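Working notes, beginning with the structure itself.
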Amino acid sequence: GQQVMQIPQYQHVQEGEDFTTYCNSSTTLSNIQWYKQRPGGHPVFLIQLVKSGEVKKQKRLTFQFGEAKKNSSLHITATQTTDVGTYFCALRGIGGSYIPTFGRGTSLIVHP
Amino acid sequence: NAGVTQTPKFQVLKTGQSMTLQCAQDMNHNSMYWYRQDPGMGLRLIYYSASEGTTDKGEVPNGYNVSRLNKREFSLRLESAAPSQTSVYFCASSEGRANQPQHFGDGTRLSIL
């Protein structure tokens with residue numbers, strides 16, 4: 001199956017600091033999705049990237065898809081306590097199943 | 001606008017007991033999924049149903065069975081629960097085509113003693 005590496009597993013930051021999580025694949029991807037799960041909650045879809053080199057922004061969140069379509073990143077500028085949660089990437093390989101494979105997630109802890 | 005509804009939200013079982021987790025979606029989605037989530041392991045696919053009338057194994061199907069009762073409902077059954085099946089179980093649905101997001105239920109927190 002699709003191999004996914006998501007790093008780091010945990011990240012502690014002070015409120016106001018930036019945060020980045022990375023998602024890497026061993027094979028070229030068709031697309032990548034990002035989800036957020038609040039503590040005690042369920043994963044919620046954030047965004048999807050499809051094109052090589054694509055960059056999308058949602059307020060303080062910036063999502064990038066690598067030029068080779070093998071990696072992606074999620075960057076949060078000036079974290080807030082509302083950003084606490086686990087961020088998952090979910091990716092599909094080219095020619096593979098329509099069902100994405102989820103990374104293990106990065107848990108973000110924001111200290112006030 | 002309920003989305004994906006899972007029941008029950010919490011359950012405690014004894015080893016060897018059986019149980020069915022229920023899931024229903026009201027978004028007219030073709031595909032439905034069952035995942036388990038364990039600490040540090042992310043979301044692992046147990047079974048999925050690409051469309052009404054079909055089911056397929058995912059990454060970790062052993063010890064589970066599923067039924068796609070109709071387009072709305074997809075149930076997960078543990079025939080003889082084991083402590084290793086203690087986990088949080090999420091049901092999800094999607095339109096079933098590539099590039100479509102998954103919509104998750106609130107989860108069932110299952111403990112097996």
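Labels used: A, B, ... for chains in the order of the structure tokens, numbers from 1 for residues in each chain, and numbers from 1 for ligands as shown.
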Write out as a PDB file with C-alpha atoms, in the first residue's frame which residues come within 10 Å of segment 51-67 of chain B when counting only C-alpha atoms, dropping same-chain ones fewer than 6 positions away.
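Once everything was written out, this is out.pdb:
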ATOM      1  CA  GLY A   1       0.000   0.000   0.000  1.00  0.00           C
ATOM      2  CA  ILE A  99      -9.404   5.809  -1.051  1.00  0.00           C
ATOM      3  CA  THR A 101      -4.057   6.586   2.965  1.00  0.00           C
TER       4      THR A 101
ATOM      5  CA  THR B  20     -22.427  -4.103  16.288  1.00  0.00           C
ATOM      6  CA  LEU B  21     -21.481  -0.485  15.728  1.00  0.00           C
ATOM      7  CA  GLN B  22     -24.007   1.448  13.698  1.00  0.00           C
ATOM      8  CA  HIS B  29     -22.886   9.370  -0.471  1.00  0.00           C
ATOM      9  CA  ASN B  30     -21.969   6.248  -2.372  1.00  0.00           C
ATOM     10  CA  SER B  31     -18.964   5.180  -0.310  1.00  0.00           C
ATOM     11  CA  MET B  32     -18.677   4.453   3.379  1.00  0.00           C
ATOM     12  CA  TYR B  33     -15.732   3.464   5.559  1.00  0.00           C
ATOM     13  CA  TRP B  34     -14.819   2.133   8.960  1.00  0.00           C
ATOM     14  CA  TYR B  35     -11.553   3.203  10.608  1.00  0.00           C
ATOM     15  CA  ARG B  36      -9.956   2.521  13.922  1.00  0.00           C
ATOM     16  CA  ARG B  44      -6.358   2.651   9.808  1.00  0.00           C
ATOM     17  CA  LEU B  45      -8.987   1.426   7.389  1.00  0.00           C
ATOM     18  CA  GLU B  73     -26.242   2.552   6.614  1.00  0.00           C
ATOM     19  CA  PHE B  74     -22.971   0.686   7.133  1.00  0.00           C
ATOM     20  CA  SER B  75     -22.476  -1.409  10.267  1.00  0.00           C
ATOM     21  CA  LEU B  76     -19.368  -2.918  11.832  1.00  0.00           C
ATOM     22  CA  ARG B  77     -19.586  -6.122  13.857  1.00  0.00           C
ATOM     23  CA  LEU B  78     -17.173  -7.584  16.366  1.00  0.00           C
ATOM     24  CA  GLU B  79     -18.112 -11.252  16.709  1.00  0.00           C
ATOM     25  CA  SER B  80     -15.842 -12.087  19.645  1.00  0.00           C
ATOM     26  CA  ALA B  81     -14.284  -8.977  21.106  1.00  0.00           C
ATOM     27  CA  ALA B  82     -10.625  -9.008  22.158  1.00  0.00           C
ATOM     28  CA  SER B  84      -6.626  -5.602  21.147  1.00  0.00           C
ATOM     29  CA  GLN B  85      -9.802  -4.183  19.627  1.00  0.00           C
ATOM     30  CA  GLU B  95     -19.120  10.606  -2.772  1.00  0.00           C
ATOM     31  CA  GLY B  96     -16.863   7.748  -3.802  1.00  0.00           C
TER      32      GLY B  96
END
Show me which bits of chain B are within 9 Å of chain A, counting only C-alpha atoms, as a list in words.
-> Gly40, Met41, Gly42, Leu43, Arg44, Leu45, Glu59, Phe90, Gly96, Arg97, Ala98, Asn99, Gln100, Pro101, Gln102, His103, Phe104, Gly105, Asp106 and Gly107 of chain B
Could you tell me which of A:Gln37, A:Gln2, A:Ser72, A:Thr20 comes closest to Arg60 of chain A if we count only C-alpha atoms?
->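 Looking only at the distances to Arg60 of chain A, the closest residue turns out to be A:Thr20.
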Suppose you want the space between atom CA of Phe63 of chain A and atom CA of Gln14 of chain A; what is it in Å?
-> 21.2 Å
Taking into account only C-alpha atoms, which residue in the set B:Pro83, B:Gly3, B:Asn70, B:Thr108 is nearest to Thr15 of chain B?
-> B:Pro83
Those in chain A with strand (DSSP E or B) from DSSP, as a ChimeraX atom specification = /A:4-7,10-14,19-25,29-37,44-49,55-58,61-65,71-76,85-93,101-102,106-111
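Atom CA of Ser49 of chain B to atom CA of Phe10 of chain B spans 23.9 Å [interatomic distance, one decimal].
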Quick one: everything within 8 Å of segment 37-39 of chain B, counting only C-alpha atoms, minus sequence neighbours fewer than 6 positions away in the same chain. Send it as JSON, numbers by chain.
-> {"B": [87, 88, 89, 90]}
Mind dumping the selected residues with all heavy atoms as a PDB file, in the first residue's frame?
ATOM      1  N   SER B  87     -10.321   0.602  21.103  1.00  0.00           N
ATOM      2  CA  SER B  87      -9.926   1.650  20.169  1.00  0.00           C
ATOM      3  C   SER B  87     -11.056   2.668  20.043  1.00  0.00           C
ATOM      4  O   SER B  87     -12.122   2.511  20.640  1.00  0.00           O
ATOM      5  CB  SER B  87      -9.631   1.031  18.801  1.00  0.00           C
ATOM      6  OG  SER B  87      -9.081   1.991  17.914  1.00  0.00           O
ATOM      7  N   VAL B  88     -10.807   3.694  19.264  1.00  0.00           N
ATOM      8  CA  VAL B  88     -11.865   4.607  18.845  1.00  0.00           C
ATOM      9  C   VAL B  88     -12.184   4.277  17.392  1.00  0.00           C
ATOM     10  O   VAL B  88     -11.274   4.227  16.551  1.00  0.00           O
ATOM     11  CB  VAL B  88     -11.441   6.080  18.975  1.00  0.00           C
ATOM     12  CG1 VAL B  88     -12.584   6.997  18.527  1.00  0.00           C
ATOM     13  CG2 VAL B  88     -11.031   6.393  20.406  1.00  0.00           C
ATOM     14  N   TYR B  89     -13.449   4.052  17.115  1.00  0.00           N
ATOM     15  CA  TYR B  89     -13.879   3.661  15.781  1.00  0.00           C
ATOM     16  C   TYR B  89     -14.620   4.816  15.122  1.00  0.00           C
ATOM     17  O   TYR B  89     -15.537   5.394  15.693  1.00  0.00           O
ATOM     18  CB  TYR B  89     -14.789   2.436  15.852  1.00  0.00           C
ATOM     19  CG  TYR B  89     -14.049   1.199  16.276  1.00  0.00           C
ATOM     20  CD1 TYR B  89     -13.858   0.901  17.623  1.00  0.00           C
ATOM     21  CD2 TYR B  89     -13.509   0.336  15.328  1.00  0.00           C
ATOM     22  CE1 TYR B  89     -13.149  -0.220  18.018  1.00  0.00           C
ATOM     23  CE2 TYR B  89     -12.802  -0.794  15.713  1.00  0.00           C
ATOM     24  CZ  TYR B  89     -12.620  -1.059  17.060  1.00  0.00           C
ATOM     25  OH  TYR B  89     -11.917  -2.183  17.431  1.00  0.00           O
ATOM     26  N   PHE B  90     -14.174   5.140  13.914  1.00  0.00           N
ATOM     27  CA  PHE B  90     -14.814   6.200  13.143  1.00  0.00           C
ATOM     28  C   PHE B  90     -15.421   5.625  11.878  1.00  0.00           C
ATOM     29  O   PHE B  90     -14.788   4.845  11.168  1.00  0.00           O
ATOM     30  CB  PHE B  90     -13.805   7.282  12.754  1.00  0.00           C
ATOM     31  CG  PHE B  90     -13.381   8.159  13.894  1.00  0.00           C
ATOM     32  CD1 PHE B  90     -12.155   7.966  14.518  1.00  0.00           C
ATOM     33  CD2 PHE B  90     -14.207   9.173  14.343  1.00  0.00           C
ATOM     34  CE1 PHE B  90     -11.759   8.774  15.568  1.00  0.00           C
ATOM     35  CE2 PHE B  90     -13.818   9.991  15.395  1.00  0.00           C
ATOM     36  CZ  PHE B  90     -12.597   9.782  16.007  1.00  0.00           C
TER      37      PHE B  90
END
Would you mind telling me which residue in A:Ser52, A:Thr62, A:Gln80, A:Thr28 lies nearest to Glu15 of chain A when using only C-alpha atoms?
->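 Ranking A:Ser52, A:Thr62, A:Gln80, A:Thr28 by distance to Glu15 of chain A, first place goes to A:Gln80.
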Would you kindly return, as a PyMOL selection string, each protein, DNA or RNA residue with an atom no farther than 6 Å from any atom of Ala24 of chain B, considering only C-alpha atoms and excluding same-chain residues fewer than 3 positions away?
-> chain B and resi 4-5+72-73
Give me the residues within 7 Å of Leu13 of chain B as a list in words, counting only C-alpha atoms and dropping any in the same chain fewer than 6 places off.
->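 The filter keeps Ser111, Ile112 and Leu113 of chain B.
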For the selection you just gave me, I'd like the residues written to a file as an mmCIF file, in the first residue's frame, keeping C-alpha atoms.
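Produced file out.cif, reproduced below:
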data_model
loop_
_atom_site.group_PDB
_atom_site.id
_atom_site.type_symbol
_atom_site.label_atom_id
_atom_site.label_comp_id
_atom_site.auth_asym_id
_atom_site.auth_seq_id
_atom_site.Cartn_x
_atom_site.Cartn_y
_atom_site.Cartn_z
ATOM 1 C CA SER B 111 -13.125 -0.598 25.621
ATOM 2 C CA ILE B 112 -12.766 -4.352 25.894
ATOM 3 C CA LEU B 113 -11.857 -5.780 29.271
#
Coordinates-based distance that separates atom CA of Asn71 of chain A from atom CA of Ile7 of chain A (Å, one decimal) =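 It comes out at 11.3 Å.
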